[in-house]
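Text of coords26.cif, listed as mmCIF, C-alpha atoms:
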```
data_protein
loop_
_atom_site.label_atom_id
_atom_site.label_comp_id
_atom_site.auth_asym_id
_atom_site.auth_seq_id
_atom_site.Cartn_x
_atom_site.Cartn_y
_atom_site.Cartn_z
CA MET A 13 40.85 66.95 153.46
CA ASN A 14 41.15 69.67 156.16
CA ARG A 15 44.41 70.50 157.97
CA ASN A 16 43.32 68.93 161.28
CA ARG A 17 42.63 65.59 159.59
CA ILE A 18 45.96 65.69 157.76
CA ASP A 19 47.77 66.44 161.03
CA ARG A 20 46.03 63.52 162.78
CA LEU A 21 46.92 61.14 159.97
CA ARG A 22 50.52 62.35 159.93
CA ARG A 23 50.92 61.71 163.68
CA ALA A 24 49.30 58.30 163.41
CA THR A 25 51.46 57.34 160.44
CA PHE A 26 54.67 58.23 162.26
CA ALA A 27 53.67 56.15 165.29
CA VAL A 28 52.78 53.04 163.34
CA ALA A 29 55.80 53.35 161.07
CA MET A 30 57.88 52.75 164.20
CA PHE A 31 55.66 49.74 164.83
CA ALA A 32 56.39 48.47 161.31
CA LEU A 33 60.13 48.63 161.91
CA SER A 34 59.81 46.35 164.94
CA GLY A 35 58.20 43.70 162.70
CA VAL A 36 61.14 43.79 160.31
CA LEU A 37 63.63 43.50 163.16
CA LEU A 38 61.83 40.45 164.56
CA LEU A 39 61.98 38.71 161.18
CA VAL A 40 65.73 39.25 161.15
CA LEU A 41 66.17 37.99 164.72
CA LEU A 42 64.17 34.86 163.92
CA GLY A 43 66.45 34.13 161.01
CA GLY A 44 64.12 35.20 158.21
CA SER A 45 64.88 37.59 155.42
CA ALA A 46 63.32 40.96 156.02
CA PRO A 47 61.66 42.54 152.98
CA ALA A 48 62.34 46.17 152.28
CA LEU A 49 60.29 48.48 154.45
CA VAL A 50 58.20 50.78 152.29
CA PRO A 51 57.32 54.08 153.97
CA PRO A 52 53.65 55.03 154.25
CA ARG A 53 51.99 57.74 152.23
CA ILE A 54 50.37 60.52 154.18
CA GLY A 55 46.66 60.66 153.50
CA SER A 56 46.58 57.13 152.10
CA SER A 57 46.83 54.70 154.98
CA VAL A 58 47.79 54.38 158.57
CA THR A 59 50.47 51.71 158.24
CA VAL A 60 50.98 48.91 160.68
CA SER A 61 53.47 46.39 159.34
CA PRO A 62 52.62 43.16 161.10
CA GLY A 63 55.01 40.11 161.26
CA ALA A 64 51.89 36.61 163.39
CA ARG A 65 45.15 28.98 169.67
CA GLU A 66 45.40 25.20 169.78
CA GLY A 67 41.71 24.47 170.41
CA GLY A 68 38.83 26.83 169.92
CA TRP A 69 39.10 26.51 166.17
CA SER A 70 36.62 28.54 164.23
CA THR A 71 36.21 30.35 160.98
CA ALA A 72 33.71 33.03 160.12
CA SER A 73 31.58 30.43 158.42
CA SER A 74 32.13 27.45 160.73
CA ARG A 75 32.37 28.65 164.30
CA GLY A 76 32.93 26.37 167.22
CA ASP A 77 34.29 23.36 165.32
CA ALA A 78 37.08 21.91 167.46
CA GLU A 79 37.92 19.01 165.12
CA LEU A 80 41.54 19.21 163.97
CA ALA A 81 41.65 16.14 161.71
CA PHE A 82 41.57 16.78 157.98
CA PRO A 83 39.58 14.71 155.49
CA PRO A 84 41.25 13.48 152.31
CA MET A 85 41.74 16.20 149.73
CA PRO A 86 39.47 16.01 146.67
CA HIS A 87 41.45 14.87 143.66
CA TRP A 88 40.59 18.06 141.77
CA TRP A 89 41.79 20.46 144.48
CA PRO A 90 44.71 22.67 143.35
CA MET A 91 47.59 22.06 145.76
CA ARG A 92 48.93 25.56 145.24
CA LEU A 93 48.16 28.89 146.83
CA THR A 94 49.28 32.49 146.74
CA LEU A 95 49.75 34.37 150.01
CA LEU A 96 49.30 38.12 149.61
CA THR A 97 50.35 39.71 152.88
CA ASP A 98 51.97 42.37 154.99
CA SER A 99 54.41 41.26 157.68
CA VAL A 100 51.82 39.63 159.95
CA GLY A 101 51.44 36.87 157.38
CA LEU A 102 55.14 37.05 156.49
CA GLY A 103 55.86 36.00 160.05
CA ALA A 104 54.05 32.70 159.42
CA VAL A 105 55.40 31.80 155.96
CA SER A 106 57.96 29.20 157.02
CA THR A 107 55.50 27.63 159.46
CA LEU A 108 52.77 27.58 156.83
CA ARG A 109 55.07 25.66 154.51
CA GLU A 110 55.77 23.20 157.33
CA VAL A 111 52.10 22.52 158.07
CA MET A 112 51.15 22.35 154.39
CA PRO A 113 54.12 20.41 152.96
CA SER A 114 52.24 19.15 149.90
CA TRP A 115 51.26 22.64 148.84
CA ARG A 116 53.26 24.95 146.65
CA ILE A 117 53.03 28.36 148.32
CA GLN A 118 53.76 31.51 146.36
CA VAL A 119 54.39 34.53 148.59
CA ARG A 120 53.72 38.07 147.48
CA GLY A 121 54.17 40.51 150.32
CA ARG A 122 56.17 43.03 152.26
CA PRO A 123 55.82 45.06 155.43
CA ALA A 124 53.42 47.99 155.24
CA LEU A 125 51.67 46.62 152.15
CA MET A 126 48.40 48.44 151.58
CA ILE A 127 45.36 46.98 149.86
CA ASP A 128 45.35 49.54 147.07
CA ASP A 129 49.08 49.11 146.49
CA ALA A 130 48.67 45.33 146.26
CA ALA A 131 46.04 45.72 143.55
CA ARG A 132 48.12 48.28 141.68
CA GLU A 133 51.26 46.15 141.77
CA LEU A 134 49.38 43.11 140.48
CA ARG A 135 47.94 45.16 137.64
CA ARG A 136 51.31 46.58 136.63
CA SER A 137 53.14 43.25 136.76
CA HIS A 138 50.44 41.26 134.94
CA ASP A 139 51.46 38.35 137.17
CA ARG A 140 49.26 35.31 137.59
CA VAL A 141 48.22 34.01 141.01
CA GLN A 142 47.19 30.53 142.09
CA LYS A 143 43.54 29.50 142.14
CA VAL A 144 43.58 29.72 145.94
CA VAL A 145 44.69 33.08 147.30
CA VAL A 146 45.10 33.93 150.99
CA VAL A 147 44.86 37.69 151.57
CA ALA A 148 46.28 38.91 154.87
CA LEU A 149 45.88 42.65 154.46
CA GLY A 150 43.96 45.39 156.24
CA TYR A 151 46.18 46.60 159.07
CA ASN A 152 47.44 49.28 156.72
CA SER A 153 44.29 51.31 156.25
CA VAL A 154 42.94 54.72 157.23
CA TRP A 155 40.27 55.36 159.83
CA GLU A 156 39.35 58.04 162.35
CA ARG A 157 38.58 57.35 165.98
CA HIS A 158 35.04 57.10 167.29
CA ARG A 159 33.83 56.29 163.76
CA GLU A 160 34.24 59.89 162.68
CA ASP A 161 33.57 60.22 158.93
CA PHE A 162 33.04 56.44 158.96
CA ASP A 163 30.96 56.40 155.79
CA PHE A 164 33.76 58.12 153.90
CA TRP A 165 36.56 55.85 155.15
CA SER A 166 34.54 52.64 154.88
CA ALA A 167 33.59 53.47 151.28
CA ARG A 168 37.25 54.00 150.53
CA PHE A 169 38.19 50.70 152.15
CA ASP A 170 35.41 48.84 150.33
CA GLY A 171 36.49 50.31 147.02
CA ASP A 172 40.11 49.26 147.55
CA ALA A 173 39.10 45.75 148.68
CA ASN A 174 36.76 45.19 145.74
CA ALA A 175 39.37 46.45 143.30
CA LEU A 176 41.81 43.91 144.74
CA LEU A 177 39.25 41.11 144.39
CA ARG A 178 38.65 42.02 140.74
CA ARG A 179 42.36 42.06 140.05
CA LEU A 180 42.90 38.69 141.78
CA ARG A 181 40.10 37.09 139.74
CA ARG A 182 41.60 38.40 136.51
CA ALA A 183 44.95 37.00 137.61
CA GLY A 184 43.49 33.51 138.11
CA ALA A 185 42.06 33.40 141.66
CA ARG A 186 38.99 31.20 142.18
CA LYS A 187 38.86 30.98 145.97
CA ILE A 188 39.97 33.89 148.14
CA VAL A 189 40.58 33.45 151.87
CA TRP A 190 40.78 36.81 153.63
CA VAL A 191 42.25 36.80 157.16
CA LEU A 192 40.46 38.95 159.72
CA LEU A 193 42.57 41.28 161.85
CA ARG A 194 43.48 40.26 165.38
CA ASP A 195 40.98 42.11 167.56
CA ALA A 196 42.22 41.07 171.00
CA PRO A 197 41.65 42.96 174.25
CA ARG A 198 44.52 44.62 176.08
CA SER A 199 44.65 41.64 178.46
CA ALA A 200 45.91 39.46 175.57
CA VAL A 201 48.75 41.87 174.77
CA PRO A 202 52.11 41.98 176.63
CA ARG A 203 52.02 44.70 179.27
CA ASP A 204 54.92 46.53 177.70
CA ASP A 205 52.84 46.99 174.53
CA TRP A 206 49.64 48.37 176.04
CA ASP A 207 50.46 51.85 174.76
CA GLN A 208 50.98 50.46 171.29
CA HIS A 209 47.67 48.58 171.51
CA ALA A 210 45.90 51.81 172.44
CA ARG A 211 47.42 53.60 169.44
CA VAL A 212 46.41 51.15 166.74
CA ALA A 213 43.93 48.48 167.87
CA TRP A 214 40.92 50.80 167.99
CA TYR A 215 40.34 50.55 164.23
CA PHE A 216 40.74 46.77 163.88
CA PRO A 217 36.99 46.18 164.48
CA TYR A 218 36.23 48.67 161.69
CA VAL A 219 38.29 46.64 159.22
CA ASN A 220 36.73 43.34 160.32
CA GLU A 221 33.26 44.82 159.96
CA ARG A 222 33.97 45.69 156.33
CA LEU A 223 35.58 42.31 155.61
CA ARG A 224 32.53 40.46 156.97
CA ARG A 225 30.38 42.53 154.65
CA LEU A 226 32.73 41.71 151.78
CA ASP A 227 32.40 38.01 152.61
CA ARG A 228 28.60 38.17 152.52
CA ARG A 229 28.63 39.78 149.09
CA ASN A 230 31.15 37.54 147.35
CA GLY A 231 30.62 33.81 146.94
CA ASP A 232 34.29 33.12 146.24
CA VAL A 233 35.47 34.82 149.46
CA VAL A 234 35.74 33.07 152.84
CA LEU A 235 37.13 34.46 156.08
CA ALA A 236 39.81 33.08 158.35
CA ASP A 237 38.71 34.23 161.79
CA TRP A 238 41.97 35.40 163.34
CA ALA A 239 39.88 37.90 165.30
CA THR A 240 38.49 35.00 167.36
CA ILE A 241 41.31 32.46 167.16
CA GLY A 242 43.92 35.09 168.01
CA ASP A 243 42.06 36.27 171.11
CA ARG A 244 44.51 34.80 173.62
CA HIS A 245 47.71 35.70 175.39
CA GLY A 246 51.15 34.47 174.39
CA ILE A 247 50.94 34.33 170.59
CA THR A 248 52.32 37.75 169.67
CA TYR A 249 55.32 39.76 170.78
CA ASP A 250 53.31 42.98 170.63
CA ALA A 251 49.71 43.86 169.70
CA ILE A 252 49.68 41.88 166.43
CA HIS A 253 53.11 40.55 165.36
CA LEU A 254 53.36 36.78 165.61
CA ASP A 255 55.76 34.96 167.87
CA ARG A 256 56.62 31.31 167.18
CA ASP A 257 53.51 29.96 168.91
CA GLY A 258 51.37 32.50 167.11
CA ALA A 259 52.87 31.62 163.75
CA LEU A 260 51.97 27.96 164.29
CA LEU A 261 48.42 28.80 165.31
CA TYR A 262 48.02 31.21 162.39
CA ALA A 263 49.36 28.67 159.89
CA LYS A 264 47.03 25.93 161.15
CA MET A 265 44.10 28.31 160.90
CA VAL A 266 44.94 29.10 157.27
CA ARG A 267 45.37 25.41 156.49
CA ARG A 268 41.99 24.60 157.99
CA VAL A 269 40.12 27.28 156.08
CA VAL A 270 41.88 26.54 152.80
CA ARG A 271 41.17 22.82 153.02
CA HIS A 272 37.70 22.77 154.59
CA GLU A 273 35.77 25.63 153.07
CA PRO A 274 33.96 24.79 149.82
CA PHE A 275 35.75 25.55 146.59
CA ILE A 276 33.50 27.73 144.42
CA PRO A 277 34.58 27.63 140.75
CA ARG A 278 33.90 30.67 138.61
#
```
Is it possible to give me this structure as structure tokens?
Amino acid sequence: MNRNRIDRLRRATFAVAMFALSGVLLLVLLGGSAPALVPPRIGSSVTVSPGAREGGWSTASSRGDAELAFPPMPHWWPMRLTLLTDSVGLGAVSTLREVMPSWRIQVRGRPALMIDDAARELRRSHDRVQKVVVVALGYNSVWERHREDFDFWSARFDGDANALLRRLRRAGARKIVWVLLRDAPRSAVPRDDWDQHARVAWYFPYVNERLRRLDRRNGDVVLADWATIGDRHGITYDAIHLDRDGALLYAKMVRRVVRHEPFIPR
């Protein structure tokens, strides 16, 4: 990697590390317990540690469905799930437990969690996961603006994502729900955070592009379309971290995808 690229990644990492700290502080202010903040690795990922629409419900595979009622659960459905997340999903954990009271929810996550680190930690721990796994990762990944060297970075992202899928399957996963990144315009972001939006939101479409490709190639993967559902004002306290309203919307989205998408046994 040449010196100019290293310098660009170092500057970007410093900026988003400050962003990550704000997510931890919000968790504390809201009364949650803030996980330890793990510093980013230069040359590995640009880290954004995220913390979280009634109506307009959609998922990547069932767009435009506004029905909020839930049919009875099949008797064979496992009422347990694992949430693997950075602090965007961490910001919705308590709300998720409220909207899915019959489910046992195992949380594995921390701010600034990278996809490759998640796979590595699972491999080292030999831990099992539930049959349903919700993956809320992708903000912590490396890209260059204007799709420069896009083939290189997308291949790296795809490799990390597929390695995580393989590890989750070995650990017991049978249905994997991957949450798309919030890809909202500046108009949906508080004015005070427009600079922050400009620094980090440019690569969110790149991540979502790769996740949609991942979904097409894996029958046990479904997408939760936070890119569409999160495209509104008043659900985050910055570009991506969830406020209370956002946490509720995010949790209901996860519940809908988990309970309505077909279970594909392996």
So how many Å separate CA of Gly246 in chain A and CA of Asn220 in chain A, to one decimal?
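Those two atoms sit 22.0 Å apart.
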Shell of 9 Å around Ala259 in chain A, all atoms listed in the file, local chain residues under 5 positions omitted, as JSON, numbers by chain
{"A": [64, 100, 101, 103, 104, 105, 106, 107, 108, 247, 248, 254, 264]}
So which residues touch Arg159 in chain A within 12 Å, counting only C-alpha atoms, skipping near sequence neighbours fewer than 2 positions away, as a tab-separated table (two decimals) with C-alpha atoms, keeping the file's coordinate frame?
```tsv
chain	number	residue	atom	x	y	z
A	154	VAL	CA	42.94	54.72	157.23
A	155	TRP	CA	40.27	55.36	159.83
A	156	GLU	CA	39.35	58.04	162.35
A	157	ARG	CA	38.58	57.35	165.98
A	161	ASP	CA	33.57	60.22	158.93
A	162	PHE	CA	33.04	56.44	158.96
A	163	ASP	CA	30.96	56.40	155.79
A	164	PHE	CA	33.76	58.12	153.90
A	165	TRP	CA	36.56	55.85	155.15
A	166	SER	CA	34.54	52.64	154.88
A	214	TRP	CA	40.92	50.80	167.99
A	215	TYR	CA	40.34	50.55	164.23
A	216	PHE	CA	40.74	46.77	163.88
A	217	PRO	CA	36.99	46.18	164.48
A	218	TYR	CA	36.23	48.67	161.69
A	219	VAL	CA	38.29	46.64	159.22
```
Quick one: of A:Arg122, A:Arg132, A:Arg256, A:Arg203, who's nearest to Asn152 in chain A, counting all atoms listed in the file?
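Once distances to Asn152 in chain A are computed over all atoms listed in the file, the minimum belongs to A:Arg122.
Across the chains present, the PyMOL selection byres ((chain A and resi 251) around 7) applied to this file returns Val201, Asp205, Gln208, His209, Thr248, Asp250, Ile252 and His253 of chain A.
Residue nearest Val189 in chain A within the list A:Trp115, A:Leu134, A:Met265, A:Ala236: A:Ala236 [criterion: smallest interatomic distance, all atoms listed in the file].
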Find the residue from A:Val141, A:Ala173, A:Asp98, A:Leu93 that sits nearest to Ile127 in chain A; use all atoms listed in the file when measuring.
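Looking only at the distances to Ile127 in chain A, the closest residue turns out to be A:Ala173.
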Carefully work through the PyMOL selection byres ((chain A and resi 140) around 12) for this structure and note down the residues it includes, as a list in words.
Leu93, Thr94, Gln118, Arg120, Glu133, Leu134, Arg135, Arg136, Ser137, His138, Asp139, Val141, Gln142, Lys143, Val144, Val145, Arg179, Leu180, Arg181, Arg182, Ala183, Gly184, Ala185 and Arg186 of chain A
When the PyMOL selection byres ((chain A and resi 225) around 12) is applied to the structure above, which residues does it catch, written out as number ranges by chain?
A: 72, 166-167, 169-170, 173-174, 190, 192, 218-224, 226-231, 233-235
Could those selected residues go to a file with C-alpha atoms, as a compact mmCIF listing (two decimals), keeping the file's coordinate frame?
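Written out: out_23.txt:
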```txt
# COMPACT_ATOMS: atom_id res chain seq x y z
CA ALA A 72 33.71 33.03 160.12
CA SER A 166 34.54 52.64 154.88
CA ALA A 167 33.59 53.47 151.28
CA PHE A 169 38.19 50.70 152.15
CA ASP A 170 35.41 48.84 150.33
CA ALA A 173 39.10 45.75 148.68
CA ASN A 174 36.76 45.19 145.74
CA TRP A 190 40.78 36.81 153.63
CA LEU A 192 40.46 38.95 159.72
CA TYR A 218 36.23 48.67 161.69
CA VAL A 219 38.29 46.64 159.22
CA ASN A 220 36.73 43.34 160.32
CA GLU A 221 33.26 44.82 159.96
CA ARG A 222 33.97 45.69 156.33
CA LEU A 223 35.58 42.31 155.61
CA ARG A 224 32.53 40.46 156.97
CA LEU A 226 32.73 41.71 151.78
CA ASP A 227 32.40 38.01 152.61
CA ARG A 228 28.60 38.17 152.52
CA ARG A 229 28.63 39.78 149.09
CA ASN A 230 31.15 37.54 147.35
CA GLY A 231 30.62 33.81 146.94
CA VAL A 233 35.47 34.82 149.46
CA VAL A 234 35.74 33.07 152.84
CA LEU A 235 37.13 34.46 156.08
```
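Between CA of Ala196 in chain A and CA of His245 in chain A the interatomic distance comes to 8.8 Å.
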CA of Ala175 in chain A to CA of Pro90 in chain A measures 24.4 Å
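Of the residues listed (A:Ala130, A:Tyr151, A:Leu261, A:Leu96), A:Tyr151 shows the shortest atom-to-atom separation from Val212 in chain A; distances use all atoms listed in the file.
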Return the single residue from A:Arg116, A:Arg271, A:Val146, A:Gly242 that is closest to Asp257 in chain A, with distances computed using all atoms listed in the file.
A:Gly242
For Val147 in chain A, which of A:Ile117, A:Leu102, A:Leu95, A:Val111 is the closest residue, counting only C-alpha atoms?
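Answer, going by the shortest atom-to-atom distance: A:Leu95.
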Dump of range 192-217 of chain A from preceding block, N, CA, C and O atoms, as a PDB file, in the first residue's frame:
```pdb
ATOM      1  N   LEU A 192     -28.637  -3.826   6.450  1.00  0.00           N
ATOM      2  CA  LEU A 192     -28.000  -2.848   5.583  1.00  0.00           C
ATOM      3  C   LEU A 192     -27.659  -1.580   6.362  1.00  0.00           C
ATOM      4  O   LEU A 192     -28.294  -1.254   7.367  1.00  0.00           O
ATOM      5  N   LEU A 193     -26.659  -0.845   5.879  1.00  0.00           N
ATOM      6  CA  LEU A 193     -26.266   0.403   6.518  1.00  0.00           C
ATOM      7  C   LEU A 193     -27.277   1.504   6.197  1.00  0.00           C
ATOM      8  O   LEU A 193     -27.886   1.516   5.124  1.00  0.00           O
ATOM      9  N   ARG A 194     -27.434   2.416   7.126  1.00  0.00           N
ATOM     10  CA  ARG A 194     -28.307   3.567   6.889  1.00  0.00           C
ATOM     11  C   ARG A 194     -27.664   4.463   5.837  1.00  0.00           C
ATOM     12  O   ARG A 194     -26.594   5.035   6.045  1.00  0.00           O
ATOM     13  N   ASP A 195     -28.340   4.599   4.718  1.00  0.00           N
ATOM     14  CA  ASP A 195     -27.819   5.387   3.597  1.00  0.00           C
ATOM     15  C   ASP A 195     -28.755   6.568   3.361  1.00  0.00           C
ATOM     16  O   ASP A 195     -29.406   6.663   2.336  1.00  0.00           O
ATOM     17  N   ALA A 196     -28.846   7.440   4.360  1.00  0.00           N
ATOM     18  CA  ALA A 196     -29.788   8.558   4.306  1.00  0.00           C
ATOM     19  C   ALA A 196     -29.114   9.803   3.742  1.00  0.00           C
ATOM     20  O   ALA A 196     -27.910  10.006   3.919  1.00  0.00           O
ATOM     21  N   PRO A 197     -29.875  10.670   3.082  1.00  0.00           N
ATOM     22  CA  PRO A 197     -29.315  11.919   2.585  1.00  0.00           C
ATOM     23  C   PRO A 197     -29.032  12.878   3.734  1.00  0.00           C
ATOM     24  O   PRO A 197     -29.490  12.672   4.872  1.00  0.00           O
ATOM     25  N   ARG A 198     -28.305  13.933   3.436  1.00  0.00           N
ATOM     26  CA  ARG A 198     -27.957  14.905   4.472  1.00  0.00           C
ATOM     27  C   ARG A 198     -29.198  15.513   5.117  1.00  0.00           C
ATOM     28  O   ARG A 198     -29.186  15.862   6.296  1.00  0.00           O
ATOM     29  N   SER A 199     -30.294  15.615   4.342  1.00  0.00           N
ATOM     30  CA  SER A 199     -31.523  16.214   4.864  1.00  0.00           C
ATOM     31  C   SER A 199     -32.120  15.418   6.016  1.00  0.00           C
ATOM     32  O   SER A 199     -32.906  15.943   6.806  1.00  0.00           O
ATOM     33  N   ALA A 200     -31.756  14.133   6.148  1.00  0.00           N
ATOM     34  CA  ALA A 200     -32.265  13.291   7.228  1.00  0.00           C
ATOM     35  C   ALA A 200     -31.344  13.278   8.435  1.00  0.00           C
ATOM     36  O   ALA A 200     -31.594  12.553   9.387  1.00  0.00           O
ATOM     37  N   VAL A 201     -30.280  14.065   8.393  1.00  0.00           N
ATOM     38  CA  VAL A 201     -29.285  14.105   9.453  1.00  0.00           C
ATOM     39  C   VAL A 201     -29.379  15.451  10.162  1.00  0.00           C
ATOM     40  O   VAL A 201     -29.588  16.480   9.510  1.00  0.00           O
ATOM     41  N   PRO A 202     -29.263  15.501  11.497  1.00  0.00           N
ATOM     42  CA  PRO A 202     -29.260  16.789  12.190  1.00  0.00           C
ATOM     43  C   PRO A 202     -28.226  17.736  11.602  1.00  0.00           C
ATOM     44  O   PRO A 202     -27.114  17.330  11.259  1.00  0.00           O
ATOM     45  N   ARG A 203     -28.603  19.000  11.492  1.00  0.00           N
ATOM     46  CA  ARG A 203     -27.726  19.986  10.846  1.00  0.00           C
ATOM     47  C   ARG A 203     -26.338  20.028  11.463  1.00  0.00           C
ATOM     48  O   ARG A 203     -25.336  20.189  10.756  1.00  0.00           O
ATOM     49  N   ASP A 204     -26.283  19.880  12.767  1.00  0.00           N
ATOM     50  CA  ASP A 204     -24.984  19.940  13.436  1.00  0.00           C
ATOM     51  C   ASP A 204     -24.053  18.801  13.019  1.00  0.00           C
ATOM     52  O   ASP A 204     -22.848  18.862  13.293  1.00  0.00           O
ATOM     53  N   ASP A 205     -24.598  17.764  12.390  1.00  0.00           N
ATOM     54  CA  ASP A 205     -23.792  16.602  12.024  1.00  0.00           C
ATOM     55  C   ASP A 205     -23.579  16.471  10.521  1.00  0.00           C
ATOM     56  O   ASP A 205     -23.185  15.408  10.037  1.00  0.00           O
ATOM     57  N   TRP A 206     -23.827  17.522   9.789  1.00  0.00           N
ATOM     58  CA  TRP A 206     -23.615  17.463   8.337  1.00  0.00           C
ATOM     59  C   TRP A 206     -22.154  17.222   7.985  1.00  0.00           C
ATOM     60  O   TRP A 206     -21.849  16.509   7.035  1.00  0.00           O
ATOM     61  N   ASP A 207     -21.247  17.820   8.738  1.00  0.00           N
ATOM     62  CA  ASP A 207     -19.827  17.586   8.473  1.00  0.00           C
ATOM     63  C   ASP A 207     -19.478  16.122   8.697  1.00  0.00           C
ATOM     64  O   ASP A 207     -18.733  15.515   7.916  1.00  0.00           O
ATOM     65  N   GLN A 208     -20.000  15.564   9.763  1.00  0.00           N
ATOM     66  CA  GLN A 208     -19.763  14.157  10.053  1.00  0.00           C
ATOM     67  C   GLN A 208     -20.324  13.267   8.943  1.00  0.00           C
ATOM     68  O   GLN A 208     -19.679  12.304   8.513  1.00  0.00           O
ATOM     69  N   HIS A 209     -21.523  13.589   8.478  1.00  0.00           N
ATOM     70  CA  HIS A 209     -22.145  12.844   7.383  1.00  0.00           C
ATOM     71  C   HIS A 209     -21.253  12.863   6.150  1.00  0.00           C
ATOM     72  O   HIS A 209     -21.062  11.844   5.491  1.00  0.00           O
ATOM     73  N   ALA A 210     -20.687  14.031   5.843  1.00  0.00           N
ATOM     74  CA  ALA A 210     -19.820  14.155   4.673  1.00  0.00           C
ATOM     75  C   ALA A 210     -18.553  13.322   4.823  1.00  0.00           C
ATOM     76  O   ALA A 210     -18.013  12.815   3.834  1.00  0.00           O
ATOM     77  N   ARG A 211     -18.078  13.141   6.058  1.00  0.00           N
ATOM     78  CA  ARG A 211     -16.840  12.402   6.276  1.00  0.00           C
ATOM     79  C   ARG A 211     -17.012  10.908   6.115  1.00  0.00           C
ATOM     80  O   ARG A 211     -16.085  10.218   5.689  1.00  0.00           O
ATOM     81  N   VAL A 212     -18.192  10.367   6.475  1.00  0.00           N
ATOM     82  CA  VAL A 212     -18.297   8.915   6.533  1.00  0.00           C
ATOM     83  C   VAL A 212     -19.371   8.303   5.644  1.00  0.00           C
ATOM     84  O   VAL A 212     -19.245   7.131   5.255  1.00  0.00           O
ATOM     85  N   ALA A 213     -20.430   9.054   5.317  1.00  0.00           N
ATOM     86  CA  ALA A 213     -21.578   8.425   4.651  1.00  0.00           C
ATOM     87  C   ALA A 213     -21.314   8.082   3.193  1.00  0.00           C
ATOM     88  O   ALA A 213     -22.080   7.306   2.603  1.00  0.00           O
ATOM     89  N   TRP A 214     -20.261   8.599   2.617  1.00  0.00           N
ATOM     90  CA  TRP A 214     -20.014   8.376   1.191  1.00  0.00           C
ATOM     91  C   TRP A 214     -19.777   6.907   0.865  1.00  0.00           C
ATOM     92  O   TRP A 214     -20.057   6.464  -0.253  1.00  0.00           O
ATOM     93  N   TYR A 215     -19.270   6.118   1.822  1.00  0.00           N
ATOM     94  CA  TYR A 215     -18.992   4.709   1.505  1.00  0.00           C
ATOM     95  C   TYR A 215     -20.117   3.765   1.900  1.00  0.00           C
ATOM     96  O   TYR A 215     -20.048   2.573   1.600  1.00  0.00           O
ATOM     97  N   PHE A 216     -21.168   4.250   2.546  1.00  0.00           N
ATOM     98  CA  PHE A 216     -22.264   3.371   2.933  1.00  0.00           C
ATOM     99  C   PHE A 216     -22.908   2.672   1.731  1.00  0.00           C
ATOM    100  O   PHE A 216     -23.227   1.478   1.812  1.00  0.00           O
ATOM    101  N   PRO A 217     -23.123   3.378   0.602  1.00  0.00           N
ATOM    102  CA  PRO A 217     -23.666   2.661  -0.568  1.00  0.00           C
ATOM    103  C   PRO A 217     -22.753   1.557  -1.067  1.00  0.00           C
ATOM    104  O   PRO A 217     -23.230   0.546  -1.610  1.00  0.00           O
TER     105      PRO A 217
END
```
